[in-house]
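Notes for the one structure printed next.
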Amino acid sequence: MADSHADISKHVKLYIGVFAALAGLTIVTVLASQVDFSGPGHVVVALLIAGIKATLVAAVFMHLKWERSGWIWWPLVLCAFFFVVLMTLPTLVATESRDRAPAGTWDTIPVREAPAHSGGNAESGH
Amino acid sequence: MSASVLPYTVKPHPVTGVYSGKLGTWLFLASEVMLFGAFFSTYVLLRVGAPTEGAAVWPTHEQTHLSWKIGGFNTLVLIISSVTMVLAWAQLKMNNFSKARLYLIVTFVLAGLFLVVKLTMEYYPKFEAGIRPSTNIFFAAYFVLTGLHALHIVGGMVVIGYFIGPGASLWKKDPEYFTNRIECTGLYWHFVDLVWIFLFPVLYLL
Amino acid sequence: MNSRRYTAIASVLVAVLWLGFATPLLAQDTAAAPSFDVELTGDYGYHLPPNIAPEGTYPHTVDSLIDILHYFMVVLFVGWGIFFVYCLWKFRQREGHKADAKPIKAKASKYAEIVVAIFEAFLLIGLSIPAWASVRNEFPTEEENPLHLRVVAEQFQWNFHYPGPDGVFGKTSPAFLDLATNILGIDPADPNGKDDITATELHIPVNRKVIADISSKDVIHSFAIGVLRVKQDAIPGMRIPVWFEANRTGNYEISCAQLCGNNHYSMRALMIVEDQGVFDAWYAKAAEGPEEFDEDELDD
Amino acid sequence: MSHDEHHELSFIRKYVFSIDHKVIGIQYGITALCFLFFGFCLMMLMRWQLAYPGQELPVLGKLLGEEFFPGGVMTPDFYNSLGVMHGTIMIFLGVVPLLVGAFGNYVMPLQIGAPDMSFPKLNMASYWIYLCGGCVMLASFFVPGGAANSGWTAYPPLSVTATTGQTWWIIGMVFLITSSLLGSVNFIVTIVQLRAKGLTMFRLPFFVWSQLVTAFLLLLAFPPLEAAGVLQLADRVLGTSFFLPEGLVISGQQLVQGAVPSGGGNPILWQHLFWFLAHPEVYVLILPAMGIVGEIIANNTRKPLWGYRPIVYSSIFLGFMSFIVWAHHMFITGMGTSLSMFFATTTMIISIPSVVILTALVISLYKGSIRFNVPMLFALSFLPMFAIGGLTGLPLGLPASDIHLHDTYYVIGHFHYVVAPGTIFAIFAGVYYWFPKVTGRRMSEGLGKIHFWLSLIGMNGAFMPMFFVGIAGMLRRGYDPAAYAANENLLGMVKMSSWSVWMLGVAQLPFILNFFMSIVAGKKVSANPWEATTLEWSAPSPPPHGNFEAVPVVYRGPYEYSTDDRKDDFFPQHLQAEA
Ligand code: HEA
Ligand code: HEA
Ligand code: CUA
Ligand SMILES: [Cu+2]
């Protein structure tokens with residue numbers, strides 16, 4: 001990345017601009033949370049805005065935009081991949097936990113309507 | 001052997017294109033991403049899997065007593081502190097030590113402000129109202145996630161404080177080295193900001 | 001040179017002495033052999049335990065998978081070992097022998113690796129996945145008239161809950177729990193629960209499929225019936241069904257395979273596989289309830 | 001490198017709070033060897049209970065006190081504590097600090113021609129944090145209820161409801177994780193930035209590559225466990241219930257966390273986070289070991305390692321894949337068909353690069369000129385031992401056969417073959433191999449051979465029976481194998497295993513003797529006693545502050561043995577070819 005004074009002062013302008021964007025987006029995200037989206041709309045909008053903000057911070061403040069070194073990028077790519085793996089954990093656990101017992105009891109739920117496995121005690125819940 | 005004798009502490013490596021400190025900081029941040037990733041993933045799991053009845057149901061917005069106003073204010077505080085941090089580095093690049101130091105002080109103060117708001121306007125009233133991490137699964141996640149984030153803020157303040165105070169003498173000896181260190185501190189600081197950018201909507205708004 | 005040979009001879013001697021003599025001697029010493037309340041059926045030793053599931057069901061796939069894999073492993077290891085020992089001998093450092101640095105073309109190794117990969121794929125797709133699908137998904141249908149029961153683990157005991165003659169389980173909740181009289185917390189007000197059977201031994205009829213729902217009151221346990229190749233963690237907050245079938249009567253052991261506290265090692269239960277008639281008699285008698293249960297109802 | 005900085009350091013700065021990678025490496029080495037030995041002693045105690053259940057432990061039983069040995073017989077709780085501490089100490093305080101902290105720290109900078117690690121102070125911090133973690137772990141034996149006793153896997157809810165020792169265990173782990181994280185950042189940066197001129201990535205010795213991949217595993221896999229540790233700590237001390245579902249009833253009492261029975265957590269979550277680390281962790285245990293073995297084999301066959309590039313690519317692939325196989329430890333938790341198929345497939349895939357590496361190492365012997373010195377003996381026996389351990393991983397990786405084998409001694413046998421006669425042998429090989437570099441003296445070959453043969457027999461006598469009793473169904477973590485009638489015929493084999501373990505213990509005496517004697521009285525040797533090619537041997541033994549007399553420049557690959565018609569059969573990396 002270039003080091004001359006002129007370049008740096010150009011950067012400074014950019015930093016201020018990004019700051020304005022971040023502040024604006026914060027307000028947008030708060031406003032958006034007041035709007036009534038249907039279903040998972042809230043989550044999508046909020047995470048989208050957070051994602052944009054994070055990208056701005058990483059690209060500009062953390063200079064990734066100007067970063068050329070593969071030794072920084074590759075570990076980050078790796079990290080991003082494993083981060084995605086981590087974020088699939090909830091789904092993995094959820095697929096195993098579909099037989100969760102309801103609150104306060106350890107075992108009064110009816111047997112789930114499993115494919116080929118029902119009846120017998122299916123009606124036992126009540 | 002003192003650190004400065006090692007090659008590439010100051011100048012970027014001709015092949016890899018970075019100086020050691022920067023590479024180290026990025027690697028450290030990668031591990032931090034995995035740390036917070038695990039926390040976020042836990043949060044999502046607990047929330048999505050929360051039971052629909054009984055003591056462990058997920059609390060509604062009203063029950064969480066979290067004010068988006070305070071959260072939003074703190075978000076702004078952190079964002080501003082990020083800007084001042086990067087400006088401090090820019091000033092050093094332009095050989096403007098006294099201005100840089102001023103920006104560092106502002107950053108430090110803003111970080112302190114964040115913590116003060118967090119403690120006095122969020123944690124304290126909750127404890128007053130008898131709310132503990134053990135109150136329910138939401139507060140468990142809330143206190144652990146924000147507590148850990150606050151610890152990161154404290155850590156950042158220690159480092160920034162060091163460069164305002166005793167660490168500043170490095171500027172006279174080796175200004176480029178000093179600038180690099182501020183850049184690395186900045187990387188860390190922006191990361192802490194970045195985590196909050198996600199924490200805020202996740203905890204306060206959703 | 002000589003001392004080297006001595007070391008070699010001495011080590012072989014020690015190996016022969018140790019593995020050849022000491023261990024058989026130790027193996028004969030069964031002084032600590034336990035005495036048990038019941039005799040187990042079948043022959044147990046240094047091999048797979050007896051398998052009492054009907055031919056063609058998943059426990060037999062498990063066994064054949066283990067068998068095939070071990071033949072495969074032995075073949076690989078021996079083949080590989082021969083090459084290894086050959087190299088050690090042929091290329092040992094000695095007068096007049098020099099290393100040859102030119103890299104050799106090892107086509108054979110590439111083929112071996114490909115064969116290994118294909119074989120693994122076969123084991124995975126051909127045997128393991130169907131067996132697992134059978135464990136997980138191919139539950140007996142109601143037409144097959146399976147026996148339903150619940151298994152509730154707790155430190156350090158297995159509880160078996162049968163629905164009784166009416167075929168319906170009573171509602172259970174920790175609120176009704178009483179360690180002495182109502183260990184499953186069956187709701188005394190629930191008519192379905194009146195004839196429910198609580199047992200600490202697992203009785204099952206021979207040649208009839210069983211569906212068991214595994215759950216736990218406290219920590220993670222693991223419900224393991226060695227002779228049926230059943231193993232399923234009992235996880236609090238979850239309820240996980242397993243199915244199995246036995247085709248040989250007798251007494252067998254159920255164990256807890258997951259560390260669950262200080263008495264984990266002795267968290268065993270007896271599984272009694274009996275003829276349908278004997279089972280029915282036991283079932284009817286048990287449904288009348290043991291004395292404690294009557295007392296409990298008197299208290300109410 | 002500045003020469004004006006050679007002012008005298010005080011004793012403390014030089015040997016205690018040193019920032020020289022070599023001193024830190026030695027500190028790591030000695031500390032970790034002591035821990036390793038301690039972890040082994042715990043196991044020798046446990047093997048008594050397994051061989052002679054319920055019988056009084058001779059002599060020691062009385063000494064160890066009434067709390068844990070009433071009447072001289074070990075309690076089940078104490079047995080479980082020993083198991084946890086054995087596993088934890090061996091892995092986190094013994095083997096990893098040896099492979100990474102000691103060998104990595106000492107040898108890696110030398111092999112890349114660097115004057116030190118990139119961040120010397122961080123390096124020092126890593127060591128001291130590691131030591132703190134170790135002390136916390138050891139101290140936990142003395143808290144009420146004894147050390148942690150919920151398995152090294154610390155599955156909740158058992159671990160959350162366990163005695164205080166578990167809290168100490170978590171705190172200790174947080175220290176160890178932090179130490180590893182700092183270390184791994186340092187390793188990667190050093191390898192990337194401080195390579196000598198001419199030392200391209202594909203001229204790195206395989207050991208350095210293995211350290212690089214290992215560092216990445218530590219860097220990215222450990223944080224989730226740290227997070228999980230924090231959550232479990234919160235469950236234990238703050239009364240939260242991240243890992244506790246609602247409605248737990250412990251000994252007839254409803255469990256109340258904190259003020260109310262909150263619940264809402266999930267015990268399986270812990271297992272995912274734990275194994276997300278712990279599977280990559282096992283490759284942390286094996287990769288540097290393979291690195292050591294590779295170095296020694298190349299050196300003692302006097303020919304280049306066969307298939308250097310495939311080996312390197314395989315280790316990278318191995319490292320990558322190790323992040324997506326973790327749930328093969330969890331088949332029995334009730335996993336569905338598609339998930340288990342995914343993890344079984346990745347597990348089968350990950351075994352292929354291991355096969356490639358091992359095959360390459362064996363083919364390296366072909367047409368060599370093999371010297372059977374002590375390091376080479378250990379390195380050679382690593383190969384079949386790892387093969388046994390690795391092959392027995394396959395039945396565990398297939399969900400169907402894992403039903404029967406899960407949590408039996410078969411698993412114990414599997415992983416001990418990879419970590420004990422595998423990794424530990426590689427460690428021994430490394431100690432014998434680099435001892436002359438560290439001390440300028442050589443360890444005795446005679447004592448070394450006794451150590452080798454007895455250890456080889458002891459290891460196999462100890463672990464081979466485990467496959468048989470495991471297939472027969474004997475469960476691990478069983479305080480008393482005689483509690484099951486089905487085990488009756490196995491007790492003899494269990495006894496054999498125990499006696500082999502004690503024999504193995506005796507077999508370590510020549511090593512300990514050899515080790516300490518050779519430091520003062522070993523035969524003095526030149527800087528390059530094995531006639532090796534890599535850079536560490538171009539430095540004096542022991543290397544001075546700053547490592548090299550002249551800044552090294554590298555002209556060729558790492559294993560140029562017998563490659564051309566030079567007088568010597570080796571061509572060190574730093575020598576310029578005579579025109
Ligand atoms: C260094 C440590 C290490 C290593 C390298 C491995 C390697 C492997 N492990 Fe192991 N494992 C552990 C340490 C290790 N493991 C530990 C500690 C546990 C238990 C934890 C606990 O529960 O407490 C465990 C448990 C464990 C389980 C869970 C079992 C259970 O609890 O039910 C499984 C299941 O898939 C598994 C599989 C494998 C596989 C497939 C490999 C593969 O990577 C192996 C690949 C190697 C080979 C396949 C052999 C090499 C090749 C040859 C022999 C050459 C042949 C020649 C030609 C083809 C020419 N391991
Ligand atoms: C790296 C990991 C590692 C290593 C090396 C070992 C090594 C050994 N292990 Fe361990 N073990 C585990 C990790 C390891 N283990 C784990 C994770 C568990 C599971 C725990 C659980 O269930 O939660 C376990 C469990 C376990 C069990 C099962 C207990 C049970 O389930 O109840 C057994 C039983 O025999 C056992 C035995 C041994 C033996 C005999 C060795 C021997 O190979 C030891 C050999 C050691 C040496 C040879 C030491 C040499 C050192 C020196 C000589 C030092 C010299 C010092 C100086 C010079 C200063 N181990
Ligand atoms: Cu129950 Cu182990
Ligand atoms: Cu694994």
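In the structure tokens, chains take letters A, B, ... by order of appearance, with residues numbered from 1 within each chain and ligands from 1 in the order shown.
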Could I get the residues of chain C with an atom no further than 10 Å from an atom of chain A, each paired with its nearest atom pair and that distance in Å to one decimal, using only C-alpha atoms, sorted by chain and residue number, as CSV?
residue,atom,partner,partner_atom,distance
C:Asn137,CA,A:Pro115,CA,7.3
C:Glu138,CA,A:Ala116,CA,6.8
C:Phe139,CA,A:His117,CA,5.6
C:Pro140,CA,A:His117,CA,6.8
C:Thr141,CA,A:Ala116,CA,5.8
C:Glu142,CA,A:Gly119,CA,6.8
C:Asn145,CA,A:Gly120,CA,9.0
C:Pro146,CA,A:Gly120,CA,8.5
C:Leu147,CA,A:Gly120,CA,8.4
C:His148,CA,A:Gly120,CA,6.6
C:Leu149,CA,A:Asn121,CA,8.5
C:Arg150,CA,A:Asp107,CA,9.5
C:Val152,CA,A:Asp107,CA,8.8
C:Tyr162,CA,A:Asn121,CA,9.9
C:Pro163,CA,A:Asn121,CA,7.8
C:Asp166,CA,A:Gly120,CA,9.9
C:Gly167,CA,A:Gly120,CA,6.5
C:Val168,CA,A:Ser124,CA,5.4
C:Phe169,CA,A:Ser124,CA,5.2
C:Gly170,CA,A:Ser124,CA,6.5
C:Lys171,CA,A:Thr108,CA,6.0
C:Thr172,CA,A:Thr108,CA,5.7
C:Ser173,CA,A:Thr105,CA,5.3
C:Pro174,CA,A:Thr105,CA,6.2
C:Ala175,CA,A:Thr105,CA,8.4
C:Leu184,CA,A:Asp107,CA,9.6
C:Gly185,CA,A:Thr105,CA,9.9
C:Ile186,CA,A:Thr108,CA,9.8
C:Asp190,CA,A:His126,CA,8.5
C:Asn192,CA,A:Ser124,CA,8.0
C:Gly193,CA,A:Ser124,CA,9.5
C:Ile211,CA,A:His117,CA,8.7
C:Asp213,CA,A:Val111,CA,8.4
C:Ile214,CA,A:Asp107,CA,9.7
C:Ser215,CA,A:Asp107,CA,7.3
C:Ser216,CA,A:Trp106,CA,7.4
C:Lys217,CA,A:Trp106,CA,6.4
C:Asp218,CA,A:Trp106,CA,9.2
C:Ile235,CA,A:Arg100,CA,9.7
C:Pro236,CA,A:Trp106,CA,7.0
C:Gly237,CA,A:Ala101,CA,5.2
C:Met238,CA,A:Arg100,CA,4.4
C:Arg239,CA,A:Asp99,CA,5.4
C:Ile240,CA,A:Asp99,CA,6.8
C:Pro241,CA,A:Val111,CA,8.7
C:Trp243,CA,A:His117,CA,10.0
Give as a list of chain:residue names every residue of chain B that touches chain C within 12 Å, counting only C-alpha atoms.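 The complete set of qualifying residues is B:Gly49, B:Ala50, B:Pro51.
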Would you mind exporting the chosen residues as a short mmCIF file (atom, residue, chain, number, x, y, z; two decimals), in the first residue's frame, restricted to N, CA, C and O atoms?
data_model
loop_
_atom_site.label_atom_id
_atom_site.label_comp_id
_atom_site.auth_asym_id
_atom_site.auth_seq_id
_atom_site.Cartn_x
_atom_site.Cartn_y
_atom_site.Cartn_z
N GLY B 49 -33.29 -23.92 19.17
CA GLY B 49 -33.76 -25.15 19.80
C GLY B 49 -34.50 -24.93 21.10
O GLY B 49 -34.81 -25.89 21.80
N ALA B 50 -34.76 -23.68 21.45
CA ALA B 50 -35.37 -23.42 22.75
C ALA B 50 -36.76 -24.07 22.81
O ALA B 50 -37.50 -24.09 21.84
N PRO B 51 -37.09 -24.62 23.98
CA PRO B 51 -38.40 -25.25 24.13
C PRO B 51 -39.50 -24.19 24.08
O PRO B 51 -39.26 -23.01 24.29
#
Neighbours of ligand 3 at 6 Å or closer, counting only C-alpha atoms and all ligand atoms: which residues, as a PyMOL selection string? chain C and resi 155-156+221+256-260+264+267
When the cut-off is 9 Å and you count only C-alpha atoms and all ligand atoms, which residues lie near ligand 4, shown as a ChimeraX atom specification? /D:275,278-283,322,325-329,347,393,397
Which protein, DNA or RNA residues have an atom within 7 Å of ligand 2, counting only C-alpha atoms and all ligand atoms, as a PyMOL selection string? chain D and resi 30+33-34+36-37+40+43-44+47+83-84+86-88+90-91+95+151-153+412+416+419-421+424+459+462+476-479+501+504-505+508-509+511-512+515
Hey, which residues sit close to ligand 1? Say within 6 Å, counting only C-alpha atoms and all ligand atoms, and write them as an MDAnalysis selection string. (chainID C and resid 76:77 80 109 112:113 116) or (chainID D and resid 282:283 285:286 328:329 347 350:351 354:355 358:359 387 390:391 393:394 396:397 402 406:407 411 415 418:419)
Residue hits in chain A, query chain B, radius 7 Å, only C-alpha atoms, as a list in words: His5, Ile8, Val12, Tyr15, Phe19, Ala23, Ser33, His42, Val43, Ala46, Ala50, Ala54, Val57, Phe61, Met62, Ser69, Trp71, Ile72, Leu76, Cys79, Phe83, Leu86, Met87, Leu89, Pro90, Ala94, Pro102, Ala103 and Gly104 of chain A
What's the 12 Å shell around Leu170 in chain B, counting only C-alpha atoms, without same-chain residues fewer than 4 positions away, as an NGL selection string? :B and (4 or 97 or 162-166 or 174-182)
Return the single residue from C:Glu95, C:Glu274, C:Asp233, C:Glu144 that is closest to chain D, with distances computed using only C-alpha atoms.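 Under the stated criterion, the closest residue is C:Asp233.
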At a cut-off of 10 Å, which residues of chain D touch chain A? Count only C-alpha atoms and give the answer as a ChimeraX atom specification. /D:188-189,192-193,216,219-221,224,245-249,254,261-264,266-269,271-273,276,320,323-324,327,333-336,339
Would you save the residues from that selection as a short mmCIF file (atom, residue, chain, number, x, y, z; two decimals), in the first residue's frame, using N, CA, C and O atoms?
data_model
loop_
_atom_site.label_atom_id
_atom_site.label_comp_id
_atom_site.auth_asym_id
_atom_site.auth_seq_id
_atom_site.Cartn_x
_atom_site.Cartn_y
_atom_site.Cartn_z
N ILE D 188 3.80 -20.15 13.02
CA ILE D 188 3.48 -19.87 11.62
C ILE D 188 4.28 -18.68 11.13
O ILE D 188 4.91 -18.72 10.07
N VAL D 189 4.28 -17.60 11.92
CA VAL D 189 4.98 -16.41 11.48
C VAL D 189 6.46 -16.72 11.29
O VAL D 189 7.07 -16.31 10.30
N VAL D 192 6.99 -18.67 8.11
CA VAL D 192 6.74 -17.89 6.91
C VAL D 192 7.81 -16.82 6.70
O VAL D 192 8.28 -16.61 5.59
N GLN D 193 8.21 -16.17 7.78
CA GLN D 193 9.02 -14.96 7.63
C GLN D 193 10.52 -15.17 7.76
O GLN D 193 11.28 -14.40 7.20
N PHE D 216 -1.36 -24.61 12.30
CA PHE D 216 -2.67 -24.18 11.80
C PHE D 216 -3.79 -24.94 12.50
O PHE D 216 -4.84 -24.36 12.82
N LEU D 219 -4.20 -23.42 15.84
CA LEU D 219 -4.71 -22.05 15.75
C LEU D 219 -6.23 -22.03 15.55
O LEU D 219 -6.94 -21.24 16.17
N LEU D 220 -6.73 -22.87 14.67
CA LEU D 220 -8.14 -22.77 14.32
C LEU D 220 -9.03 -23.76 15.06
O LEU D 220 -10.25 -23.56 15.12
N ALA D 221 -8.48 -24.80 15.63
CA ALA D 221 -9.35 -25.79 16.28
C ALA D 221 -9.49 -25.53 17.77
O ALA D 221 -10.52 -25.87 18.37
N PRO D 224 -12.70 -23.02 19.54
CA PRO D 224 -14.02 -23.53 19.92
C PRO D 224 -14.01 -24.28 21.25
O PRO D 224 -14.97 -24.19 22.02
N PRO D 245 -30.24 -29.71 29.74
CA PRO D 245 -31.64 -29.60 29.35
C PRO D 245 -32.50 -29.44 30.60
O PRO D 245 -32.02 -29.62 31.72
N GLU D 246 -33.75 -29.08 30.38
CA GLU D 246 -34.62 -28.89 31.52
C GLU D 246 -35.03 -30.23 32.12
O GLU D 246 -35.00 -31.26 31.45
N GLY D 247 -35.39 -30.20 33.38
CA GLY D 247 -35.96 -31.39 34.00
C GLY D 247 -34.98 -32.46 34.42
O GLY D 247 -35.34 -33.62 34.52
N LEU D 248 -33.74 -32.09 34.68
CA LEU D 248 -32.80 -33.11 35.15
C LEU D 248 -33.13 -33.49 36.58
O LEU D 248 -33.46 -32.65 37.41
N VAL D 249 -33.04 -34.76 36.86
CA VAL D 249 -33.29 -35.26 38.21
C VAL D 249 -32.07 -36.05 38.63
O VAL D 249 -31.75 -37.08 38.05
N GLN D 254 -34.72 -32.79 41.78
CA GLN D 254 -34.64 -31.97 40.57
C GLN D 254 -33.44 -31.06 40.66
O GLN D 254 -33.21 -30.42 41.68
N PRO D 261 -34.61 -23.67 38.15
CA PRO D 261 -34.28 -24.71 37.19
C PRO D 261 -34.48 -24.18 35.79
O PRO D 261 -35.55 -24.28 35.21
N SER D 262 -33.47 -23.53 35.23
CA SER D 262 -33.71 -22.88 33.95
C SER D 262 -33.69 -23.84 32.78
O SER D 262 -34.63 -23.92 32.02
N GLY D 263 -32.64 -24.62 32.65
CA GLY D 263 -32.61 -25.57 31.54
C GLY D 263 -32.49 -24.88 30.21
O GLY D 263 -32.07 -23.73 30.11
N GLY D 264 -32.88 -25.58 29.16
CA GLY D 264 -32.82 -25.01 27.83
C GLY D 264 -31.53 -25.27 27.10
O GLY D 264 -31.37 -24.86 25.96
N ASN D 266 -28.15 -27.88 25.86
CA ASN D 266 -28.08 -29.10 25.07
C ASN D 266 -26.75 -29.80 25.31
O ASN D 266 -25.70 -29.27 24.97
N PRO D 267 -26.78 -30.99 25.89
CA PRO D 267 -25.51 -31.68 26.20
C PRO D 267 -24.73 -32.07 24.95
O PRO D 267 -23.51 -32.18 25.00
N ILE D 268 -25.42 -32.26 23.83
CA ILE D 268 -24.72 -32.67 22.62
C ILE D 268 -23.84 -31.55 22.08
O ILE D 268 -22.81 -31.79 21.46
N LEU D 269 -24.25 -30.31 22.36
CA LEU D 269 -23.47 -29.17 21.89
C LEU D 269 -22.03 -29.26 22.37
O LEU D 269 -21.09 -29.02 21.61
N GLN D 271 -20.37 -31.89 23.06
CA GLN D 271 -19.63 -32.93 22.34
C GLN D 271 -19.17 -32.43 20.99
O GLN D 271 -18.04 -32.69 20.56
N HIS D 272 -20.03 -31.67 20.31
CA HIS D 272 -19.61 -31.14 19.01
C HIS D 272 -18.42 -30.19 19.18
O HIS D 272 -17.44 -30.29 18.44
N LEU D 273 -18.54 -29.27 20.13
CA LEU D 273 -17.45 -28.31 20.29
C LEU D 273 -16.17 -29.02 20.74
O LEU D 273 -15.08 -28.70 20.29
N PHE D 276 -14.74 -30.98 17.86
CA PHE D 276 -14.25 -30.07 16.82
C PHE D 276 -12.79 -29.75 17.08
O PHE D 276 -12.01 -29.59 16.15
N PHE D 320 -6.38 -30.26 6.66
CA PHE D 320 -7.65 -29.67 6.26
C PHE D 320 -8.82 -30.60 6.60
O PHE D 320 -9.79 -30.20 7.23
N PHE D 323 -10.65 -31.21 10.11
CA PHE D 323 -11.67 -30.34 10.66
C PHE D 323 -13.09 -30.83 10.37
O PHE D 323 -14.04 -30.29 10.92
N ILE D 324 -13.22 -31.77 9.47
CA ILE D 324 -14.59 -32.14 9.12
C ILE D 324 -14.85 -33.63 9.32
O ILE D 324 -15.64 -34.22 8.62
N ALA D 327 -17.34 -35.69 14.06
CA ALA D 327 -18.49 -36.39 14.65
C ALA D 327 -18.38 -37.90 14.56
O ALA D 327 -19.28 -38.60 14.99
N THR D 333 -24.46 -41.27 19.55
CA THR D 333 -25.37 -40.34 20.21
C THR D 333 -26.74 -40.35 19.55
O THR D 333 -27.62 -39.60 19.96
N GLY D 334 -26.93 -41.13 18.52
CA GLY D 334 -28.24 -41.19 17.89
C GLY D 334 -28.26 -40.44 16.57
O GLY D 334 -29.27 -39.87 16.18
N MET D 335 -27.12 -40.47 15.90
CA MET D 335 -27.00 -39.70 14.68
C MET D 335 -27.82 -40.33 13.55
O MET D 335 -27.90 -41.54 13.43
N GLY D 336 -28.38 -39.46 12.72
CA GLY D 336 -29.19 -39.93 11.60
C GLY D 336 -28.33 -40.50 10.48
O GLY D 336 -27.11 -40.40 10.49
N LEU D 339 -26.16 -37.78 8.20
CA LEU D 339 -25.03 -37.21 8.92
C LEU D 339 -23.94 -38.25 9.13
O LEU D 339 -22.76 -37.98 8.89
#
Select all residues from chain D having any atom no more than 9 Å from an atom of chain B (counting only C-alpha atoms, ignoring ligands), output as number ranges by chain. D: 1-2, 5-6, 19-20, 114-121, 181-182, 184-186, 188-190, 192-194, 219-228, 230-231, 234-235, 238-242, 245-246, 257-266, 269, 273, 545-546
Measuring atom to atom with only C-alpha atoms, identify which of C:Ala99, C:Ala106, C:Ala284, C:Ile197 is nearest to chain D.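 Ranking C:Ala99, C:Ala106, C:Ala284, C:Ile197 by distance to chain D, first place goes to C:Ala99.
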Output as a ChimeraX atom specification all residues of range 66-228 of chain C that backbone DSSP marks as strand (DSSP E or B). /C:92,147-154,157-162,172,178,182,186,197-199,202-205,210-216,221-225
Using the selection just defined, write its residues with C-alpha atoms as a PDB file, in the first residue's frame.
ATOM      1  CA  ARG C  92      21.015 -52.787   5.757  1.00  0.00           C
ATOM      2  CA  LEU C 147     -43.135 -54.856  21.906  1.00  0.00           C
ATOM      3  CA  HIS C 148     -42.872 -51.238  22.999  1.00  0.00           C
ATOM      4  CA  LEU C 149     -41.022 -50.200  26.069  1.00  0.00           C
ATOM      5  CA  ARG C 150     -39.133 -47.289  27.509  1.00  0.00           C
ATOM      6  CA  VAL C 151     -35.664 -47.362  28.973  1.00  0.00           C
ATOM      7  CA  VAL C 152     -34.917 -44.669  31.510  1.00  0.00           C
ATOM      8  CA  ALA C 153     -31.343 -44.493  32.699  1.00  0.00           C
ATOM      9  CA  GLU C 154     -30.273 -43.011  35.962  1.00  0.00           C
ATOM     10  CA  GLN C 157     -29.459 -48.213  37.276  1.00  0.00           C
ATOM     11  CA  TRP C 158     -31.473 -49.119  34.230  1.00  0.00           C
ATOM     12  CA  ASN C 159     -35.250 -48.732  34.539  1.00  0.00           C
ATOM     13  CA  PHE C 160     -37.557 -50.432  32.097  1.00  0.00           C
ATOM     14  CA  HIS C 161     -41.054 -49.134  31.626  1.00  0.00           C
ATOM     15  CA  TYR C 162     -43.646 -51.371  29.958  1.00  0.00           C
ATOM     16  CA  THR C 172     -44.692 -39.484  33.743  1.00  0.00           C
ATOM     17  CA  ASP C 178     -40.412 -41.136  44.488  1.00  0.00           C
ATOM     18  CA  ASN C 182     -42.381 -44.577  41.920  1.00  0.00           C
ATOM     19  CA  ILE C 186     -45.796 -42.203  36.761  1.00  0.00           C
ATOM     20  CA  ILE C 197     -44.760 -52.150  34.711  1.00  0.00           C
ATOM     21  CA  THR C 198     -41.557 -50.778  36.167  1.00  0.00           C
ATOM     22  CA  ALA C 199     -38.675 -53.214  36.176  1.00  0.00           C
ATOM     23  CA  LEU C 202     -35.309 -56.388  30.870  1.00  0.00           C
ATOM     24  CA  HIS C 203     -37.730 -59.170  29.973  1.00  0.00           C
ATOM     25  CA  ILE C 204     -38.362 -59.666  26.287  1.00  0.00           C
ATOM     26  CA  PRO C 205     -40.069 -62.421  24.354  1.00  0.00           C
ATOM     27  CA  VAL C 210     -38.781 -54.766  20.360  1.00  0.00           C
ATOM     28  CA  ILE C 211     -38.822 -50.996  20.103  1.00  0.00           C
ATOM     29  CA  ALA C 212     -37.233 -49.260  23.043  1.00  0.00           C
ATOM     30  CA  ASP C 213     -37.172 -45.517  23.635  1.00  0.00           C
ATOM     31  CA  ILE C 214     -33.964 -44.588  25.376  1.00  0.00           C
ATOM     32  CA  SER C 215     -33.869 -41.616  27.707  1.00  0.00           C
ATOM     33  CA  SER C 216     -32.105 -40.505  30.822  1.00  0.00           C
ATOM     34  CA  HIS C 221     -25.447 -43.126  29.829  1.00  0.00           C
ATOM     35  CA  SER C 222     -25.201 -45.603  27.014  1.00  0.00           C
ATOM     36  CA  PHE C 223     -27.583 -48.503  26.614  1.00  0.00           C
ATOM     37  CA  ALA C 224     -25.578 -51.445  25.370  1.00  0.00           C
ATOM     38  CA  ILE C 225     -26.688 -55.018  24.787  1.00  0.00           C
TER      39      ILE C 225
END
